[in-house]
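Right, one structure below, let's go through it.
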Amino acid sequence: MELILKALGTLFSVLIYPGFLFVSAVGLLLAGFDRKVLARMQKRVGPPLLQPAYDFFKLLGKETLVPSRANKAVFLAAPVIGTASLAVMMLFLPIFGRAPLSLRADLIVILYLLTIPAVALILGGSASGSPFAGIGISREMVVMMAYELPLILVFLAVARKTGGSELCFSLERIVAWQAEHGPLLFHWAMIPAALAMLFVIPAEVGTQPFDAAEAETEICEGPLIEYSGAPLGLFKLNTAIKMFLMTALFCTLFLGGSGVTVTLGPIWLGAALSALLNTLILLALCLAVTLLCMTLVHAVTARLKIEHLFRFYWTVVAGLALISLILVWLGL
Amino acid sequence: MFNKLIADSLSRSPWLYHINTGSCNGCDIELVACLTPRYDAERFGFKLAGSPRHADIVVVSGPITSQSKDRLIRTLEQVPRPFCVVSLGSCPRSGNVFKGSYSVEGPLEKYIHVDVSVAGCTPKPEAIIEGLYQAARILKEKRLAIQQERKEAD
Ligand code: SF4
């Protein structure tokens, strides 16, 4: 009996909260905010807030075409793999407190889980057999290498700062440390790392100045060019989910804390209320980070060429992360 | 209910794919003007897509020259159903000033069913948005018709 309950609980957290359903809804909403605010910045009225959701449901209703030269199985499986890994990743992120899944080395698992959607995009693109996709996936690989180095440096700095000499890779312990010593963003040695992370987010999601891999005006969305119908919808959903997950990861790493606890009425009511409040706080923080590092940057810049993008990440962004790492290693 | 949601979304998020079949570029500029901040067709969810596989509405401009005819037909075959075809300007409708030329093989009606035709040389952005909006509603009807067909087939 207990085993069944536990299995049901896990299923609930993978599929509904805080898994697939929750991240999809929040991700689509966040993407909607991004588009709306961007439009307002350009003095437009802009699409409705639910526009990304409409796009997703529309794509579900369209015919799915598979090109004759494509490898059908890989072509159709790629988007599903990406979505699955993103839904699982949310289980590792604690919403101010405990995470449904917690290991000793969450950060390393997350690093791998973050790579899977990008690899799925590369797989799907190469399975479609289109030359545009070929250019797109080669660029996607370069982008991946570009942001992975700074991301690892940021993770190392955080691990050293919170764990001392034994490096703490557990997100729950990082959040607990921040509850005790204050959010990492307010430790001055960590500010360069936070800035580097803010640059990594748009590259990981693939929004404007760093979207060379999916540039729709020159290579027609690159790896996505042959996709139509539901698989395309899943890829669009993946982008939206990534938007939320990356900002949530930033909030956990740099703005973590104990959150709020409500003690009201029976225990379960207090727990439910505080979970709800904490989720809302996280969403507000995510929205602020999205607007700062994606919408604002999108509105004022034009697309970078792939070699400029690579150079920018391996010099400026990696340099920022490295400064933090050195400062932290010196014990500041 | 799910089917209704999908049909509704279809009319709220139509992506455009634009084919130029030898137009003088006047209509093309006006179509892009619809997406600028002044007219902002994104209010209704319109977006330019780069690939025919992403298209919901195919916008054709130009009188259909013999060079572009085969490419037009091949592109239209790659669009996933349900989709709409909008003819933009007087050229695909009648040939306009190019009518009678040895290299013009219009009108568009000869090759595919045209759902909405926006007249003018060039049509105003307001007229184009109106036409596209009508096409979006036709899209919804087409989707409902497909669902009806499936139900009857079962
Ligand atoms: S309708 Fe007029 S403006 Fe449009 S393509 Fe034809 S000639 Fe050019």
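Labeling convention for the structure tokens: chains A, B, ... as they appear, residues from 1 per chain, ligands from 1 in order of appearance.
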Q. Leaving out Ala318 of chain A and any residue of its chain fewer than 6 positions from it, which residues lie within 9 Å of it when counting only C-alpha atoms, given as a PyMOL selection string?
A. chain A and resi 147+149-151+153-154+193+196+312
Residues from last step as file, N, CA, C and O atoms, as an mmCIF file, in the first residue's frame:
data_model
loop_
_atom_site.group_PDB
_atom_site.id
_atom_site.type_symbol
_atom_site.label_atom_id
_atom_site.label_comp_id
_atom_site.auth_asym_id
_atom_site.auth_seq_id
_atom_site.Cartn_x
_atom_site.Cartn_y
_atom_site.Cartn_z
ATOM 1 N N TYR A 147 28.490 28.394 -24.206
ATOM 2 C CA TYR A 147 27.949 28.739 -22.883
ATOM 3 C C TYR A 147 28.257 27.693 -21.827
ATOM 4 O O TYR A 147 28.126 27.960 -20.636
ATOM 5 N N LEU A 149 31.171 26.357 -20.901
ATOM 6 C CA LEU A 149 32.343 26.672 -20.076
ATOM 7 C C LEU A 149 32.011 27.684 -18.976
ATOM 8 O O LEU A 149 32.248 27.406 -17.797
ATOM 9 N N PRO A 150 31.423 28.859 -19.314
ATOM 10 C CA PRO A 150 31.071 29.789 -18.232
ATOM 11 C C PRO A 150 30.103 29.179 -17.219
ATOM 12 O O PRO A 150 30.224 29.430 -16.025
ATOM 13 N N LEU A 151 29.161 28.351 -17.726
ATOM 14 C CA LEU A 151 28.174 27.758 -16.812
ATOM 15 C C LEU A 151 28.866 26.870 -15.782
ATOM 16 O O LEU A 151 28.584 26.932 -14.582
ATOM 17 N N LEU A 153 31.967 27.097 -14.785
ATOM 18 C CA LEU A 153 32.740 27.952 -13.877
ATOM 19 C C LEU A 153 31.831 28.564 -12.806
ATOM 20 O O LEU A 153 32.194 28.625 -11.627
ATOM 21 N N VAL A 154 30.617 28.992 -13.235
ATOM 22 C CA VAL A 154 29.679 29.564 -12.265
ATOM 23 C C VAL A 154 29.297 28.524 -11.222
ATOM 24 O O VAL A 154 29.303 28.786 -10.012
ATOM 25 N N ALA A 193 29.945 36.311 -11.052
ATOM 26 C CA ALA A 193 29.374 35.021 -11.456
ATOM 27 C C ALA A 193 27.902 35.171 -11.791
ATOM 28 O O ALA A 193 27.405 34.586 -12.766
ATOM 29 N N ALA A 196 27.634 36.627 -15.168
ATOM 30 C CA ALA A 196 27.934 35.620 -16.186
ATOM 31 C C ALA A 196 26.738 34.713 -16.399
ATOM 32 O O ALA A 196 26.356 34.401 -17.529
ATOM 33 N N PHE A 312 32.777 36.151 -27.536
ATOM 34 C CA PHE A 312 32.191 36.872 -26.405
ATOM 35 C C PHE A 312 32.068 35.961 -25.179
ATOM 36 O O PHE A 312 32.437 36.327 -24.073
#
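Non-sequential neighbours of segment 146-151 of chain B (distance at most 10 Å, separation of 2 or more positions within a chain, only C-alpha atoms) are Gly61 of chain A; Asn3, Lys4, Ala7, Arg81, Pro82, Lys140, Glu141, Lys142, Arg143, Leu144, Ala153 and Asp154 of chain B.
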Output file for the residues above (C-alpha atoms, as a CSV table (one decimal), in the first residue's frame):
chain,number,residue,atom,x,y,z
A,61,GLY,CA,-3.9,20.5,-34.7
B,3,ASN,CA,-11.0,19.9,-30.4
B,4,LYS,CA,-12.7,23.3,-29.9
B,7,ALA,CA,-9.8,25.0,-33.7
B,81,ARG,CA,-3.1,20.8,-43.7
B,82,PRO,CA,-5.3,22.7,-42.9
B,140,LYS,CA,-10.9,27.5,-38.1
B,141,GLU,CA,-13.8,26.3,-40.3
B,142,LYS,CA,-11.4,24.0,-42.3
B,143,ARG,CA,-10.2,22.4,-39.1
B,144,LEU,CA,-13.7,21.9,-37.8
B,153,ALA,CA,-15.2,8.0,-40.8
B,154,ASP,CA,-15.2,6.3,-37.4
(Q) I'd like the neighbourhood of segment 276-292 of chain A as a VMD selection string, where a residue qualifies if any of its atoms comes within 8 Å (using only C-alpha atoms), though same-chain residues fewer than 3 positions away should be ignored. (A) chain A and resid 30 34 37 95 to 96 243 to 244 247 to 248 251 259 to 260 272 to 273 295 to 297
Compile the residues of chain A that lie within 9 Å of chain B, evaluated using only C-alpha atoms, and express the compilation as a JSON list (two decimals) with N, CA, C and O atoms, in the first residue's frame.
[["chain", "number", "residue", "atom", "x", "y", "z"],
["A", 39, "ALA", "N", 6.94, 43.79, -27.22],
["A", 39, "ALA", "CA", 6.10, 44.59, -28.12],
["A", 39, "ALA", "C", 5.89, 45.98, -27.54],
["A", 39, "ALA", "O", 5.96, 46.98, -28.26],
["A", 42, "GLN", "N", 8.71, 48.21, -28.16],
["A", 42, "GLN", "CA", 8.80, 48.69, -29.54],
["A", 42, "GLN", "C", 7.58, 49.53, -29.90],
["A", 42, "GLN", "O", 7.28, 49.72, -31.07],
["A", 43, "LYS", "N", 6.84, 49.98, -28.91],
["A", 43, "LYS", "CA", 5.63, 50.79, -29.11],
["A", 43, "LYS", "C", 4.58, 50.06, -29.94],
["A", 43, "LYS", "O", 3.90, 50.66, -30.78],
["A", 44, "ARG", "N", 4.47, 48.76, -29.75],
["A", 44, "ARG", "CA", 3.40, 48.01, -30.40],
["A", 44, "ARG", "C", 2.39, 47.61, -29.35],
["A", 44, "ARG", "O", 2.67, 47.67, -28.16],
["A", 45, "VAL", "N", 1.21, 47.15, -29.81],
["A", 45, "VAL", "CA", 0.23, 46.62, -28.86],
["A", 45, "VAL", "C", 0.67, 45.23, -28.42],
["A", 45, "VAL", "O", 0.60, 44.88, -27.25],
["A", 46, "GLY", "N", 1.13, 44.46, -29.38],
["A", 46, "GLY", "CA", 1.65, 43.14, -29.04],
["A", 46, "GLY", "C", 0.58, 42.07, -28.97],
["A", 46, "GLY", "O", -0.61, 42.37, -28.87],
["A", 47, "PRO", "N", 1.02, 40.81, -29.03],
["A", 47, "PRO", "CA", 0.07, 39.70, -29.00],
["A", 47, "PRO", "C", -0.50, 39.52, -27.60],
["A", 47, "PRO", "O", 0.07, 40.02, -26.63],
["A", 48, "PRO", "N", -1.63, 38.80, -27.48],
["A", 48, "PRO", "CA", -2.16, 38.54, -26.15],
["A", 48, "PRO", "C", -1.19, 37.70, -25.32],
["A", 48, "PRO", "O", -0.31, 37.03, -25.86],
["A", 51, "GLN", "N", -0.55, 34.07, -26.20],
["A", 51, "GLN", "CA", -0.16, 33.76, -27.57],
["A", 51, "GLN", "C", 0.69, 32.49, -27.70],
["A", 51, "GLN", "O", 0.39, 31.63, -28.53],
["A", 52, "PRO", "N", 1.75, 32.29, -26.88],
["A", 52, "PRO", "CA", 2.52, 31.04, -27.02],
["A", 52, "PRO", "C", 1.67, 29.81, -26.79],
["A", 52, "PRO", "O", 1.88, 28.78, -27.44],
["A", 53, "ALA", "N", 0.69, 29.90, -25.91],
["A", 53, "ALA", "CA", -0.20, 28.75, -25.68],
["A", 53, "ALA", "C", -1.05, 28.49, -26.92],
["A", 53, "ALA", "O", -1.22, 27.35, -27.35],
["A", 54, "TYR", "N", -1.57, 29.57, -27.52],
["A", 54, "TYR", "CA", -2.33, 29.40, -28.77],
["A", 54, "TYR", "C", -1.46, 28.75, -29.84],
["A", 54, "TYR", "O", -1.90, 27.84, -30.54],
["A", 55, "ASP", "N", -0.21, 29.24, -29.95],
["A", 55, "ASP", "CA", 0.70, 28.68, -30.96],
["A", 55, "ASP", "C", 0.86, 27.18, -30.73],
["A", 55, "ASP", "O", 0.82, 26.39, -31.67],
["A", 56, "PHE", "N", 1.05, 26.81, -29.47],
["A", 56, "PHE", "CA", 1.27, 25.39, -29.14],
["A", 56, "PHE", "C", 0.06, 24.55, -29.52],
["A", 56, "PHE", "O", 0.18, 23.54, -30.20],
["A", 57, "PHE", "N", -1.14, 25.00, -29.11],
["A", 57, "PHE", "CA", -2.34, 24.19, -29.39],
["A", 57, "PHE", "C", -2.64, 24.15, -30.88],
["A", 57, "PHE", "O", -3.10, 23.15, -31.41],
["A", 58, "LYS", "N", -2.33, 25.27, -31.56],
["A", 58, "LYS", "CA", -2.53, 25.26, -33.02],
["A", 58, "LYS", "C", -1.66, 24.20, -33.67],
["A", 58, "LYS", "O", -2.13, 23.42, -34.49],
["A", 59, "LEU", "N", -0.39, 24.15, -33.24],
["A", 59, "LEU", "CA", 0.53, 23.19, -33.87],
["A", 59, "LEU", "C", 0.08, 21.76, -33.60],
["A", 59, "LEU", "O", 0.32, 20.87, -34.42],
["A", 60, "LEU", "N", -0.58, 21.53, -32.44],
["A", 60, "LEU", "CA", -1.10, 20.18, -32.18],
["A", 60, "LEU", "C", -2.14, 19.80, -33.22],
["A", 60, "LEU", "O", -2.33, 18.61, -33.53],
["A", 61, "GLY", "N", -2.86, 20.79, -33.75],
["A", 61, "GLY", "CA", -3.95, 20.50, -34.68],
["A", 61, "GLY", "C", -3.52, 20.44, -36.13],
["A", 61, "GLY", "O", -4.35, 20.24, -37.01],
["A", 62, "LYS", "N", -2.23, 20.62, -36.39],
["A", 62, "LYS", "CA", -1.79, 20.59, -37.78],
["A", 62, "LYS", "C", -1.27, 19.22, -38.17],
["A", 62, "LYS", "O", -0.89, 18.41, -37.31],
["A", 63, "GLU", "N", -1.23, 19.00, -39.46],
["A", 63, "GLU", "CA", -0.73, 17.73, -39.98],
["A", 63, "GLU", "C", 0.77, 17.61, -39.70],
["A", 63, "GLU", "O", 1.49, 18.61, -39.75],
["A", 64, "THR", "N", 1.25, 16.41, -39.37],
["A", 64, "THR", "CA", 2.68, 16.22, -39.15],
["A", 64, "THR", "C", 3.27, 15.58, -40.40],
["A", 64, "THR", "O", 2.93, 14.46, -40.76],
["A", 65, "LEU", "N", 4.16, 16.34, -41.06],
["A", 65, "LEU", "CA", 4.77, 15.81, -42.28],
["A", 65, "LEU", "C", 6.17, 15.33, -41.96],
["A", 65, "LEU", "O", 6.91, 15.99, -41.23],
["A", 216, "GLU", "N", 15.81, 32.88, -37.89],
["A", 216, "GLU", "CA", 14.76, 32.60, -38.88],
["A", 216, "GLU", "C", 14.90, 33.43, -40.13],
["A", 216, "GLU", "O", 14.42, 33.03, -41.18],
["A", 217, "THR", "N", 15.61, 34.57, -40.06],
["A", 217, "THR", "CA", 15.70, 35.38, -41.27],
["A", 217, "THR", "C", 16.81, 34.92, -42.22],
["A", 217, "THR", "O", 16.81, 35.28, -43.37],
["A", 218, "GLU", "N", 17.76, 34.13, -41.74],
["A", 218, "GLU", "CA", 18.80, 33.70, -42.67],
["A", 218, "GLU", "C", 18.77, 32.19, -42.94],
["A", 218, "GLU", "O", 18.88, 31.77, -44.08],
["A", 219, "ILE", "N", 18.59, 31.37, -41.91],
["A", 219, "ILE", "CA", 18.54, 29.93, -42.19],
["A", 219, "ILE", "C", 17.19, 29.33, -41.81],
["A", 219, "ILE", "O", 17.07, 28.14, -41.57],
["A", 220, "CYS", "N", 16.13, 30.16, -41.76],
["A", 220, "CYS", "CA", 14.76, 29.66, -41.59],
["A", 220, "CYS", "C", 14.62, 28.73, -40.39],
["A", 220, "CYS", "O", 14.14, 27.61, -40.54],
["A", 221, "GLU", "N", 15.04, 29.15, -39.22],
["A", 221, "GLU", "CA", 14.93, 28.37, -38.00],
["A", 221, "GLU", "C", 15.77, 27.10, -38.00],
["A", 221, "GLU", "O", 15.55, 26.19, -37.22],
["A", 225, "ILE", "N", 13.56, 23.50, -39.49],
["A", 225, "ILE", "CA", 12.95, 23.88, -40.77],
["A", 225, "ILE", "C", 11.98, 22.81, -41.30],
["A", 225, "ILE", "O", 10.94, 23.13, -41.84],
["A", 226, "GLU", "N", 12.30, 21.53, -41.13],
["A", 226, "GLU", "CA", 11.44, 20.49, -41.71],
["A", 226, "GLU", "C", 10.32, 20.06, -40.76],
["A", 226, "GLU", "O", 9.50, 19.23, -41.12],
["A", 227, "TYR", "N", 10.31, 20.58, -39.55],
["A", 227, "TYR", "CA", 9.30, 20.14, -38.59],
["A", 227, "TYR", "C", 7.96, 20.82, -38.83],
["A", 227, "TYR", "O", 7.91, 21.98, -39.22],
["A", 228, "SER", "N", 6.88, 20.09, -38.59],
["A", 228, "SER", "CA", 5.55, 20.69, -38.66],
["A", 228, "SER", "C", 4.67, 19.97, -37.65],
["A", 228, "SER", "O", 5.02, 18.90, -37.16],
["A", 229, "GLY", "N", 3.55, 20.58, -37.32],
["A", 229, "GLY", "CA", 2.60, 19.93, -36.43],
["A", 229, "GLY", "C", 3.10, 19.73, -35.02],
["A", 229, "GLY", "O", 3.88, 20.53, -34.51],
["A", 232, "LEU", "N", 6.89, 20.09, -33.88],
["A", 232, "LEU", "CA", 7.31, 21.49, -33.86],
["A", 232, "LEU", "C", 6.78, 22.17, -32.61],
["A", 232, "LEU", "O", 7.48, 22.93, -31.94]]
Counting only C-alpha atoms and all ligand atoms, which residues of chain B fall within 9 Å of ligand 1, and what is the closest atom pair for each with its distance in Å at one decimal, ordered by chain and rising number, as CSV?
residue,atom,partner,partner_atom_place_in_ligand_line,distance
B:Asn20,CA,ligand 1,5 (S),8.5
B:Thr21,CA,ligand 1,5 (S),8.8
B:Gly22,CA,ligand 1,5 (S),7.5
B:Ser23,CA,ligand 1,5 (S),3.9
B:Cys24,CA,ligand 1,8 (Fe),4.1
B:Asn25,CA,ligand 1,5 (S),5.7
B:Gly26,CA,ligand 1,3 (S),4.0
B:Cys27,CA,ligand 1,4 (Fe),4.2
B:Asp28,CA,ligand 1,5 (S),7.4
B:Ile29,CA,ligand 1,3 (S),8.9
B:Glu30,CA,ligand 1,3 (S),8.6
B:Ser61,CA,ligand 1,5 (S),5.9
B:Gly62,CA,ligand 1,5 (S),4.7
B:Pro63,CA,ligand 1,6 (Fe),6.7
B:Leu88,CA,ligand 1,4 (Fe),7.0
B:Gly89,CA,ligand 1,1 (S),4.0
B:Ser90,CA,ligand 1,1 (S),4.2
B:Cys91,CA,ligand 1,6 (Fe),4.2
B:Pro92,CA,ligand 1,6 (Fe),7.5
B:Arg93,CA,ligand 1,1 (S),8.7
B:Gly95,CA,ligand 1,6 (Fe),7.6
B:Asn96,CA,ligand 1,6 (Fe),6.4
B:Val97,CA,ligand 1,7 (S),6.5
B:Phe98,CA,ligand 1,7 (S),7.7
B:Ala119,CA,ligand 1,1 (S),7.6
B:Gly120,CA,ligand 1,1 (S),6.1
B:Cys121,CA,ligand 1,2 (Fe),3.7
B:Thr122,CA,ligand 1,3 (S),4.1
B:Pro123,CA,ligand 1,4 (Fe),7.4
